[in-house]
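**Q** This is the structure I have questions about; it appears just below.
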Amino acid sequence: MLGQVYEYLIKHFADLTNKKAGEFYTPRSVVHLLGLILDPHEGECIYDPACGTGGMLLECVDHLKHNQEDARTLKLYGQEKT
């Protein structure tokens with residue numbers, strides 16, 4: 001629920017500034033698909049060169065939890081220009 005509120009606020013902010021919401025976040029459905037494609041496993045390194053709010057990194061953590069793997073072993077890295 002909190003994630004949905006956050007996404008709504010980001011989109012609303014983008015609309016107010018005449019910018020596209022895509023500059024601020026990637027839609028949850030796209031992030032979920034990326035997590036499935038990456039198919040991360042325990043001990044792997046995940047790097048997001050445009051992590052923004054870290055949605056893809058968190059999706060990778062959720063992916064491991066869903067597969068009953070230890071998500072604490074992931075090494076997560078990200079950067080953001082803005």
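Letters for chains follow the order of the structure tokens (A, B, ...), residue numbers begin at 1 for each chain, and ligand numbers begin at 1 in the order shown.
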If we count only C-alpha atoms and set the cut-off at 12 Å, which residues sit around A:Arg72, ignoring sequence neighbours fewer than 6 positions away in its own chain? Please answer as an NGL selection string.

**A** :A and (41-45 or 58 or 60-62 or 64-65)

**Q** Go ahead and dump the residues you just picked, C-alpha atoms, as a CSV table (one decimal), in the first residue's frame.

**A**
```
chain,number,residue,atom,x,y,z
A,41,HIS,CA,20.4,-15.7,-6.7
A,42,GLU,CA,22.2,-15.7,-3.4
A,43,GLY,CA,25.6,-14.0,-3.3
A,44,GLU,CA,25.3,-12.3,-6.6
A,45,CYS,CA,26.0,-8.6,-7.2
A,58,LEU,CA,14.2,-4.0,-4.0
A,60,CYS,CA,15.6,-8.4,-6.7
A,61,VAL,CA,15.4,-8.8,-2.9
A,62,ASP,CA,11.8,-9.7,-3.2
A,64,LEU,CA,15.0,-14.0,-3.7
A,65,LYS,CA,12.6,-14.1,-0.8
```

**Q** Residues at most 8 Å from A:Ile46, counting only C-alpha atoms, excluding those fewer than 5 positions away in the same chain, as a ChimeraX atom specification?

**A** /A:40,57,74-77

**Q** Using only C-alpha atoms, which residue out of A:Pro49, A:His63, A:His32, A:Gln68 lies closest to A:Glu80?

**A** A:Pro49

**Q** Taking the chain letters and numbering used in this document, name the residues of chain A that DSSP puts in helix (DSSP H, G or I), as a ChimeraX atom specification.

**A** /A:2-16,21-23,28-38,55-66,71-73

**Q** I need the strand (DSSP E) residues of chain A per DSSP on the backbone, written as a PyMOL selection string.

**A** chain A and resi 45-48+75-78

**Q** Quick one: distance from atom CA of A:Lys11 to atom CA of A:Leu38 in Å, one decimal?

**A**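 Computing it gives 26.2 Å between the two atoms.
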
**Q** Between A:Gln4, A:His66, A:Thr53, A:Glu59, which has the minimum distance to A:Gly78 (counting only C-alpha atoms)?

**A**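 Nearest candidate to A:Gly78 out of A:Gln4, A:His66, A:Thr53, A:Glu59: A:Thr53.
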
**Q** Given the choices A:Ile37, A:Gly52, A:Val30, A:Glu69, which gets closest to A:Ile10 if the distance is worked out from only C-alpha atoms?

**A** A:Gly52

**Q** Choose the residue, out of A:Asn67, A:Asp48, A:His12, A:Val5, that has the smallest atom-to-atom separation from A:Val31; count only C-alpha atoms.

**A**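 Closest residue, counting only C-alpha atoms: A:Asp48.
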
**Q** Hey, which of A:Met56, A:Leu9, A:Leu16, A:Ala71 ends up closest to A:Leu36? Count only C-alpha atoms.

**A** A:Met56
